[in-house]
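Source file final.pdb; content: PDB, N, CA and C atoms.
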MODEL        1
ATOM      1  N   MET A   1     -44.040  -4.342 -11.304
ATOM      2  CA  MET A   1     -42.850  -3.502 -11.251
ATOM      3  C   MET A   1     -41.626  -4.404 -11.134
ATOM      4  N   PRO A   2     -40.576  -4.175 -11.943
ATOM      5  CA  PRO A   2     -39.385  -5.030 -11.869
ATOM      6  C   PRO A   2     -38.672  -4.871 -10.529
ATOM      7  N   ALA A   3     -37.994  -5.944 -10.123
ATOM      8  CA  ALA A   3     -37.291  -5.945  -8.834
ATOM      9  C   ALA A   3     -36.180  -4.905  -8.809
ATOM     10  N   ALA A   4     -35.558  -4.626  -9.956
ATOM     11  CA  ALA A   4     -34.465  -3.649 -10.001
ATOM     12  C   ALA A   4     -34.967  -2.250  -9.653
ATOM     13  N   ALA A   5     -36.221  -1.966  -9.943
ATOM     14  CA  ALA A   5     -36.770  -0.640  -9.650
ATOM     15  C   ALA A   5     -37.007  -0.454  -8.164
ATOM     16  N   LEU A   6     -37.140  -1.536  -7.411
ATOM     17  CA  LEU A   6     -37.388  -1.438  -5.975
ATOM     18  C   LEU A   6     -36.119  -1.234  -5.167
ATOM     19  N   LYS A   7     -34.964  -1.569  -5.757
ATOM     20  CA  LYS A   7     -33.694  -1.415  -5.041
ATOM     21  C   LYS A   7     -33.343   0.064  -4.925
ATOM     22  N   PRO A   8     -32.901   0.499  -3.740
ATOM     23  CA  PRO A   8     -32.447   1.893  -3.632
ATOM     24  C   PRO A   8     -31.119   2.069  -4.354
ATOM     25  N   LYS A   9     -30.901   3.244  -4.902
ATOM     26  CA  LYS A   9     -29.658   3.538  -5.605
ATOM     27  C   LYS A   9     -28.519   3.627  -4.593
ATOM     28  N   PRO A  10     -27.378   2.995  -4.866
ATOM     29  CA  PRO A  10     -26.268   3.087  -3.916
ATOM     30  C   PRO A  10     -25.717   4.517  -3.881
ATOM     31  N   LEU A  11     -25.159   4.864  -2.727
ATOM     32  CA  LEU A  11     -24.549   6.181  -2.584
ATOM     33  C   LEU A  11     -23.304   6.263  -3.455
ATOM     34  N   PRO A  12     -22.997   7.438  -4.004
ATOM     35  CA  PRO A  12     -21.802   7.550  -4.845
ATOM     36  C   PRO A  12     -20.536   7.383  -4.013
ATOM     37  N   THR A  13     -19.536   6.809  -4.631
ATOM     38  CA  THR A  13     -18.237   6.680  -3.982
ATOM     39  C   THR A  13     -17.326   7.781  -4.506
ATOM     40  N   GLN A  14     -16.131   7.849  -3.961
ATOM     41  CA  GLN A  14     -15.179   8.879  -4.375
ATOM     42  C   GLN A  14     -14.879   8.786  -5.869
ATOM     43  N   SER A  15     -14.855   7.567  -6.404
ATOM     44  CA  SER A  15     -14.478   7.396  -7.804
ATOM     45  C   SER A  15     -15.640   7.638  -8.768
ATOM     46  N   THR A  16     -16.899   7.541  -8.287
ATOM     47  CA  THR A  16     -18.033   7.690  -9.196
ATOM     48  C   THR A  16     -18.759   9.014  -9.033
ATOM     49  N   ALA A  17     -18.454   9.767  -8.006
ATOM     50  CA  ALA A  17     -19.175  11.012  -7.750
ATOM     51  C   ALA A  17     -18.684  12.127  -8.666
ATOM     52  N   LYS A  18     -19.564  13.065  -8.949
ATOM     53  CA  LYS A  18     -19.192  14.223  -9.766
ATOM     54  C   LYS A  18     -18.321  15.194  -8.963
ATOM     55  N   ARG A  19     -18.613  15.306  -7.685
ATOM     56  CA  ARG A  19     -17.818  16.146  -6.782
ATOM     57  C   ARG A  19     -17.176  15.249  -5.723
ATOM     58  N   ALA A  20     -16.255  15.809  -4.969
ATOM     59  CA  ALA A  20     -15.601  15.038  -3.914
ATOM     60  C   ALA A  20     -16.632  14.642  -2.859
ATOM     61  N   VAL A  21     -16.570  13.396  -2.414
ATOM     62  CA  VAL A  21     -17.487  12.898  -1.395
ATOM     63  C   VAL A  21     -16.824  13.088  -0.041
ATOM     64  N   VAL A  22     -17.549  13.709   0.886
ATOM     65  CA  VAL A  22     -17.016  13.924   2.223
ATOM     66  C   VAL A  22     -17.141  12.617   2.994
ATOM     67  N   LEU A  23     -16.042  12.171   3.570
ATOM     68  CA  LEU A  23     -16.069  10.938   4.352
ATOM     69  C   LEU A  23     -16.798  11.206   5.661
ATOM     70  N   ASP A  24     -17.620  10.269   6.081
ATOM     71  CA  ASP A  24     -18.435  10.480   7.267
ATOM     72  C   ASP A  24     -17.696  10.259   8.576
ATOM     73  N   SER A  25     -16.548   9.612   8.538
ATOM     74  CA  SER A  25     -15.793   9.413   9.762
ATOM     75  C   SER A  25     -14.313   9.623   9.469
ATOM     76  N   PRO A  26     -13.562  10.144  10.441
ATOM     77  CA  PRO A  26     -12.127  10.333  10.208
ATOM     78  C   PRO A  26     -11.412   8.996  10.143
ATOM     79  N   TYR A  27     -10.307   8.994   9.407
ATOM     80  CA  TYR A  27      -9.515   7.780   9.252
ATOM     81  C   TYR A  27      -8.870   7.412  10.574
ATOM     82  N   ALA A  28      -8.969   6.170  10.940
ATOM     83  CA  ALA A  28      -8.286   5.653  12.128
ATOM     84  C   ALA A  28      -7.573   4.369  11.725
ATOM     85  N   PRO A  29      -6.273   4.263  12.026
ATOM     86  CA  PRO A  29      -5.558   3.045  11.640
ATOM     87  C   PRO A  29      -6.117   1.829  12.373
ATOM     88  N   VAL A  30      -5.978   0.681  11.736
ATOM     89  CA  VAL A  30      -6.445  -0.566  12.325
ATOM     90  C   VAL A  30      -5.564  -0.911  13.510
ATOM     91  N   GLU A  31      -6.177  -1.434  14.548
ATOM     92  CA  GLU A  31      -5.422  -1.792  15.742
ATOM     93  C   GLU A  31      -4.451  -2.924  15.428
ATOM     94  N   LYS A  32      -3.214  -2.758  15.858
ATOM     95  CA  LYS A  32      -2.196  -3.773  15.582
ATOM     96  C   LYS A  32      -2.412  -4.981  16.477
ATOM     97  N   ARG A  33      -2.209  -6.158  15.888
ATOM     98  CA  ARG A  33      -2.309  -7.402  16.633
ATOM     99  C   ARG A  33      -0.968  -8.112  16.556
ATOM    100  N   PRO A  34      -0.637  -8.914  17.557
ATOM    101  CA  PRO A  34       0.636  -9.636  17.478
ATOM    102  C   PRO A  34       0.603 -10.670  16.352
ATOM    103  N   LEU A  35       1.769 -10.903  15.773
ATOM    104  CA  LEU A  35       1.879 -11.903  14.718
ATOM    105  C   LEU A  35       1.744 -13.294  15.323
ATOM    106  N   PRO A  36       1.284 -14.266  14.542
ATOM    107  CA  PRO A  36       1.118 -15.617  15.089
ATOM    108  C   PRO A  36       2.454 -16.227  15.488
ATOM    109  N   ALA A  37       2.443 -16.922  16.591
ATOM    110  CA  ALA A  37       3.676 -17.545  17.090
ATOM    111  C   ALA A  37       3.896 -18.889  16.410
ATOM    112  N   GLY A  38       5.140 -19.332  16.438
ATOM    113  CA  GLY A  38       5.466 -20.670  15.963
ATOM    114  C   GLY A  38       5.867 -20.770  14.509
ATOM    115  N   ARG A  39       5.952 -19.662  13.814
ATOM    116  CA  ARG A  39       6.380 -19.710  12.408
ATOM    117  C   ARG A  39       7.904 -19.639  12.347
ATOM    118  N   PRO A  40       8.494 -20.095  11.256
ATOM    119  CA  PRO A  40       9.949 -19.952  11.112
ATOM    120  C   PRO A  40      10.332 -18.468  11.003
ATOM    121  N   ARG A  41      11.524 -18.133  11.419
ATOM    122  CA  ARG A  41      11.990 -16.745  11.408
ATOM    123  C   ARG A  41      11.880 -16.138  10.013
ATOM    124  N   ASP A  42      12.160 -16.917   9.003
ATOM    125  CA  ASP A  42      12.089 -16.444   7.619
ATOM    126  C   ASP A  42      10.704 -15.884   7.273
ATOM    127  N   TRP A  43       9.656 -16.500   7.808
ATOM    128  CA  TRP A  43       8.294 -16.047   7.536
ATOM    129  C   TRP A  43       8.092 -14.630   8.061
ATOM    130  N   TYR A  44       8.568 -14.359   9.283
ATOM    131  CA  TYR A  44       8.414 -13.032   9.889
ATOM    132  C   TYR A  44       9.191 -11.977   9.108
ATOM    133  N   VAL A  45      10.402 -12.323   8.685
ATOM    134  CA  VAL A  45      11.230 -11.387   7.914
ATOM    135  C   VAL A  45      10.527 -11.040   6.606
ATOM    136  N   THR A  46      10.021 -12.045   5.910
ATOM    137  CA  THR A  46       9.329 -11.817   4.641
ATOM    138  C   THR A  46       8.048 -11.021   4.846
ATOM    139  N   HIS A  47       7.308 -11.347   5.879
ATOM    140  CA  HIS A  47       6.048 -10.640   6.169
ATOM    141  C   HIS A  47       6.306  -9.152   6.413
ATOM    142  N   ASN A  48       7.272  -8.853   7.270
ATOM    143  CA  ASN A  48       7.579  -7.449   7.574
ATOM    144  C   ASN A  48       8.135  -6.729   6.352
ATOM    145  N   ARG A  49       8.908  -7.432   5.521
ATOM    146  CA  ARG A  49       9.430  -6.826   4.302
ATOM    147  C   ARG A  49       8.294  -6.473   3.349
ATOM    148  N   ARG A  50       7.294  -7.354   3.233
ATOM    149  CA  ARG A  50       6.134  -7.061   2.373
ATOM    150  C   ARG A  50       5.363  -5.857   2.873
ATOM    151  N   LEU A  51       5.161  -5.774   4.194
ATOM    152  CA  LEU A  51       4.454  -4.622   4.761
ATOM    153  C   LEU A  51       5.203  -3.322   4.476
ATOM    154  N   LYS A  52       6.514  -3.351   4.638
ATOM    155  CA  LYS A  52       7.332  -2.169   4.384
ATOM    156  C   LYS A  52       7.274  -1.789   2.908
ATOM    157  N   ALA A  53       7.340  -2.787   2.029
ATOM    158  CA  ALA A  53       7.270  -2.521   0.589
ATOM    159  C   ALA A  53       5.923  -1.911   0.224
ATOM    160  N   MET A  54       4.846  -2.393   0.832
ATOM    161  CA  MET A  54       3.521  -1.816   0.551
ATOM    162  C   MET A  54       3.441  -0.370   1.006
ATOM    163  N   ARG A  55       3.959  -0.084   2.213
ATOM    164  CA  ARG A  55       3.951   1.299   2.702
ATOM    165  C   ARG A  55       4.732   2.216   1.764
ATOM    166  N   LEU A  56       5.884   1.745   1.315
ATOM    167  CA  LEU A  56       6.715   2.557   0.422
ATOM    168  C   LEU A  56       6.063   2.740  -0.943
ATOM    169  N   ALA A  57       5.446   1.689  -1.467
ATOM    170  CA  ALA A  57       4.775   1.796  -2.765
ATOM    171  C   ALA A  57       3.628   2.801  -2.685
ATOM    172  N   ILE A  58       2.873   2.779  -1.610
ATOM    173  CA  ILE A  58       1.770   3.732  -1.433
ATOM    174  C   ILE A  58       2.306   5.149  -1.334
ATOM    175  N   ALA A  59       3.390   5.334  -0.587
ATOM    176  CA  ALA A  59       3.983   6.669  -0.453
ATOM    177  C   ALA A  59       4.498   7.179  -1.793
ATOM    178  N   LEU A  60       5.107   6.299  -2.587
ATOM    179  CA  LEU A  60       5.600   6.706  -3.905
ATOM    180  C   LEU A  60       4.441   7.086  -4.822
ATOM    181  N   LEU A  61       3.375   6.296  -4.807
ATOM    182  CA  LEU A  61       2.210   6.618  -5.632
ATOM    183  C   LEU A  61       1.597   7.944  -5.205
ATOM    184  N   ASP A  62       1.539   8.187  -3.900
ATOM    185  CA  ASP A  62       1.003   9.460  -3.399
ATOM    186  C   ASP A  62       1.868  10.641  -3.798
ATOM    187  N   SER A  63       3.168  10.398  -3.961
ATOM    188  CA  SER A  63       4.072  11.493  -4.314
ATOM    189  C   SER A  63       4.160  11.720  -5.820
ATOM    190  N   GLY A  64       3.457  10.900  -6.610
ATOM    191  CA  GLY A  64       3.420  11.125  -8.047
ATOM    192  C   GLY A  64       4.320  10.225  -8.866
ATOM    193  N   ILE A  65       4.921   9.224  -8.250
ATOM    194  CA  ILE A  65       5.763   8.281  -8.985
ATOM    195  C   ILE A  65       4.907   7.054  -9.256
ATOM    196  N   TYR A  66       4.507   6.886 -10.511
ATOM    197  CA  TYR A  66       3.555   5.843 -10.869
ATOM    198  C   TYR A  66       4.167   4.667 -11.590
ATOM    199  N   LEU A  67       5.333   4.828 -12.167
ATOM    200  CA  LEU A  67       5.945   3.752 -12.944
ATOM    201  C   LEU A  67       7.137   3.164 -12.206
ATOM    202  N   PRO A  68       7.315   1.848 -12.289
ATOM    203  CA  PRO A  68       8.432   1.218 -11.588
ATOM    204  C   PRO A  68       9.795   1.727 -12.030
ATOM    205  N   ASN A  69       9.940   2.094 -13.317
ATOM    206  CA  ASN A  69      11.252   2.568 -13.771
ATOM    207  C   ASN A  69      11.567   3.973 -13.262
ATOM    208  N   GLN A  70      10.567   4.679 -12.719
ATOM    209  CA  GLN A  70      10.824   5.978 -12.088
ATOM    210  C   GLN A  70      11.334   5.801 -10.658
ATOM    211  N   ALA A  71      11.092   4.642 -10.071
ATOM    212  CA  ALA A  71      11.438   4.398  -8.666
ATOM    213  C   ALA A  71      12.782   3.690  -8.572
ATOM    214  N   ARG A  72      13.848   4.485  -8.626
ATOM    215  CA  ARG A  72      15.178   3.918  -8.428
ATOM    216  C   ARG A  72      15.405   3.719  -6.930
ATOM    217  N   ASN A  73      16.438   2.983  -6.573
ATOM    218  CA  ASN A  73      16.723   2.716  -5.161
ATOM    219  C   ASN A  73      16.874   4.008  -4.358
ATOM    220  N   GLU A  74      17.537   5.000  -4.931
ATOM    221  CA  GLU A  74      17.744   6.268  -4.218
ATOM    222  C   GLU A  74      16.402   6.951  -3.945
ATOM    223  N   THR A  75      15.503   6.909  -4.919
ATOM    224  CA  THR A  75      14.182   7.524  -4.757
ATOM    225  C   THR A  75      13.392   6.810  -3.670
ATOM    226  N   ILE A  76      13.442   5.493  -3.665
ATOM    227  CA  ILE A  76      12.714   4.717  -2.665
ATOM    228  C   ILE A  76      13.289   4.984  -1.277
ATOM    229  N   ARG A  77      14.613   5.058  -1.179
ATOM    230  CA  ARG A  77      15.232   5.301   0.132
ATOM    231  C   ARG A  77      14.968   6.711   0.643
ATOM    232  N   SER A  78      14.917   7.686  -0.262
ATOM    233  CA  SER A  78      14.596   9.050   0.197
ATOM    234  C   SER A  78      13.133   9.146   0.618
ATOM    235  N   THR A  79      12.253   8.402  -0.054
ATOM    236  CA  THR A  79      10.853   8.360   0.353
ATOM    237  C   THR A  79      10.722   7.697   1.721
ATOM    238  N   ALA A  80      11.486   6.636   1.948
ATOM    239  CA  ALA A  80      11.467   5.960   3.248
ATOM    240  C   ALA A  80      11.894   6.914   4.352
ATOM    241  N   GLN A  81      12.899   7.710   4.076
ATOM    242  CA  GLN A  81      13.366   8.677   5.067
ATOM    243  C   GLN A  81      12.290   9.720   5.341
ATOM    244  N   SER A  82      11.595  10.160   4.301
ATOM    245  CA  SER A  82      10.584  11.205   4.487
ATOM    246  C   SER A  82       9.352  10.707   5.237
ATOM    247  N   ILE A  83       9.030   9.401   5.144
ATOM    248  CA  ILE A  83       7.871   8.898   5.885
ATOM    249  C   ILE A  83       8.265   8.259   7.209
ATOM    250  N   GLY A  84       9.544   8.262   7.534
ATOM    251  CA  GLY A  84       9.997   7.781   8.833
ATOM    252  C   GLY A  84      10.178   6.281   8.924
ATOM    253  N   VAL A  85      10.623   5.668   7.826
ATOM    254  CA  VAL A  85      10.874   4.228   7.795
ATOM    255  C   VAL A  85      12.368   4.022   7.597
ATOM    256  N   HIS A  86      12.913   2.978   8.207
ATOM    257  CA  HIS A  86      14.337   2.684   8.023
ATOM    258  C   HIS A  86      14.630   2.464   6.541
ATOM    259  N   PRO A  87      15.824   2.838   6.079
ATOM    260  CA  PRO A  87      16.156   2.667   4.662
ATOM    261  C   PRO A  87      16.009   1.201   4.242
ATOM    262  N   PRO A  88      15.313   0.952   3.135
ATOM    263  CA  PRO A  88      15.094  -0.438   2.711
ATOM    264  C   PRO A  88      16.324  -1.040   2.044
ATOM    265  N   SER A  89      16.382  -2.353   2.074
ATOM    266  CA  SER A  89      17.460  -3.069   1.394
ATOM    267  C   SER A  89      17.180  -3.109  -0.103
ATOM    268  N   ASP A  90      18.152  -3.603  -0.852
ATOM    269  CA  ASP A  90      17.966  -3.756  -2.301
ATOM    270  C   ASP A  90      16.809  -4.711  -2.604
ATOM    271  N   THR A  91      16.660  -5.749  -1.779
ATOM    272  CA  THR A  91      15.572  -6.710  -1.978
ATOM    273  C   THR A  91      14.220  -6.040  -1.790
ATOM    274  N   THR A  92      14.099  -5.195  -0.763
ATOM    275  CA  THR A  92      12.843  -4.490  -0.521
ATOM    276  C   THR A  92      12.564  -3.486  -1.633
ATOM    277  N   CYS A  93      13.590  -2.812  -2.122
ATOM    278  CA  CYS A  93      13.408  -1.884  -3.239
ATOM    279  C   CYS A  93      12.892  -2.621  -4.474
ATOM    280  N   HIS A  94      13.435  -3.812  -4.713
ATOM    281  CA  HIS A  94      12.972  -4.627  -5.833
ATOM    282  C   HIS A  94      11.494  -5.012  -5.646
ATOM    283  N   MET A  95      11.127  -5.320  -4.402
ATOM    284  CA  MET A  95       9.752  -5.698  -4.103
ATOM    285  C   MET A  95       8.796  -4.517  -4.296
ATOM    286  N   VAL A  96       9.249  -3.309  -3.963
ATOM    287  CA  VAL A  96       8.432  -2.100  -4.163
ATOM    288  C   VAL A  96       8.145  -1.929  -5.647
ATOM    289  N   ARG A  97       9.167  -2.071  -6.472
ATOM    290  CA  ARG A  97       8.957  -1.938  -7.920
ATOM    291  C   ARG A  97       8.040  -3.032  -8.453
ATOM    292  N   ALA A  98       8.158  -4.224  -7.918
ATOM    293  CA  ALA A  98       7.276  -5.325  -8.344
ATOM    294  C   ALA A  98       5.828  -5.025  -7.973
ATOM    295  N   LEU A  99       5.609  -4.485  -6.786
ATOM    296  CA  LEU A  99       4.249  -4.117  -6.387
ATOM    297  C   LEU A  99       3.673  -3.046  -7.310
ATOM    298  N   MET A 100       4.492  -2.076  -7.667
ATOM    299  CA  MET A 100       4.029  -1.013  -8.571
ATOM    300  C   MET A 100       3.741  -1.568  -9.960
ATOM    301  N   ARG A 101       4.506  -2.542 -10.376
ATOM    302  CA  ARG A 101       4.330  -3.135 -11.702
ATOM    303  C   ARG A 101       3.033  -3.929 -11.773
ATOM    304  N   TYR A 102       2.748  -4.734 -10.756
ATOM    305  CA  TYR A 102       1.593  -5.619 -10.808
ATOM    306  C   TYR A 102       0.307  -4.920 -10.406
ATOM    307  N   ALA A 103       0.397  -3.732  -9.859
ATOM    308  CA  ALA A 103      -0.821  -2.998  -9.477
ATOM    309  C   ALA A 103      -1.467  -2.356 -10.689
ATOM    310  N   ARG A 104      -0.799  -2.325 -11.818
ATOM    311  CA  ARG A 104      -1.340  -1.654 -13.015
ATOM    312  C   ARG A 104      -2.287  -2.538 -13.764
TER     313      ARG A 104
ENDMDL
END
What does the file become when written as structure tokens?
Amino acid sequence: MPAAALKPKPLPTQSTAKRAVVLDSPYAPVEKRPLPAGRPRDWYVTHNRRLKAMRLAIALLDSGIYLPNQARNETIRSTAQSIGVHPPSDTTCHMVRALMRYAR
């Protein structure tokens, strides 16, 4: 008997199942840890800006905005307001569009 026949079939995931797969545990955010000490201030600013851009890009994708040219600064800032994040700068808005562009 071939070895492939002995392997159990993997369980379907959300993307491969015919119907929606019920998650076995509720979502819980990852516990926050302090950032490493001793880095230059610029590193912390860039790190937090990337995190904010990722949160905004995810919120925009969830709201149905899939293309970077649909995400103008006003749209990104209104999304930030709706999810409870401080309004992003022009640099962060540019980073959100870049994330949406490279995720395709």
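The interatomic distance for the pair atom CA of A:Ala71 and atom C of A:Arg97 works out to 8.2 Å.
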Let me have the centre and edge lengths in Å, one decimal, of the box along x, y and z around every listed atom of stretch 75-93 of chain A with 5 Å of margin on each side, as AutoDock Vina command-line options.
--center_x 13.0 --center_y 2.2 --center_z 2.0 --size_x 20.3 --size_y 27.9 --size_z 23.8
Check: Rounded to one decimal in Å, what is the spacing between atom CA of A:Asp42 and atom CA of A:Arg55?
Finding: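 According to the coordinates, atom CA of A:Asp42 and atom CA of A:Arg55 are separated by 20.1 Å.
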Of A:Trp43, A:Pro8, A:Lys52, A:Leu35, the one sitting nearest A:His86 when using only C-alpha atoms is A:Lys52
Nearest-residue call for A:Ala59, choices A:Ile83, A:Asn73, A:Thr91, A:Arg39, using only N, CA and C atoms
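Checking each candidate against A:Ala59, we get A:Ile83 as the closest.
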For this session: Have a look at atom C of A:Ala98 and atom CA of A:Pro68 and let me know their distance in Å, one decimal.
Result: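 The value is 7.7 Å.
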| message | Using DSSP assignments from the backbone, pull out every residue in stretch 45-87 of chain A that falls under helix (DSSP H, G or I) and give it to me as a PyMOL selection string. | response | chain A and resi 45-62+68-70+73-83
Name all residues at most 8 Å from A:Leu67 (count all atoms listed in the file; drop same-chain ones fewer than 4 positions away) and give them as a ChimeraX atom specification. /A:60-61,71-72,97,100-101
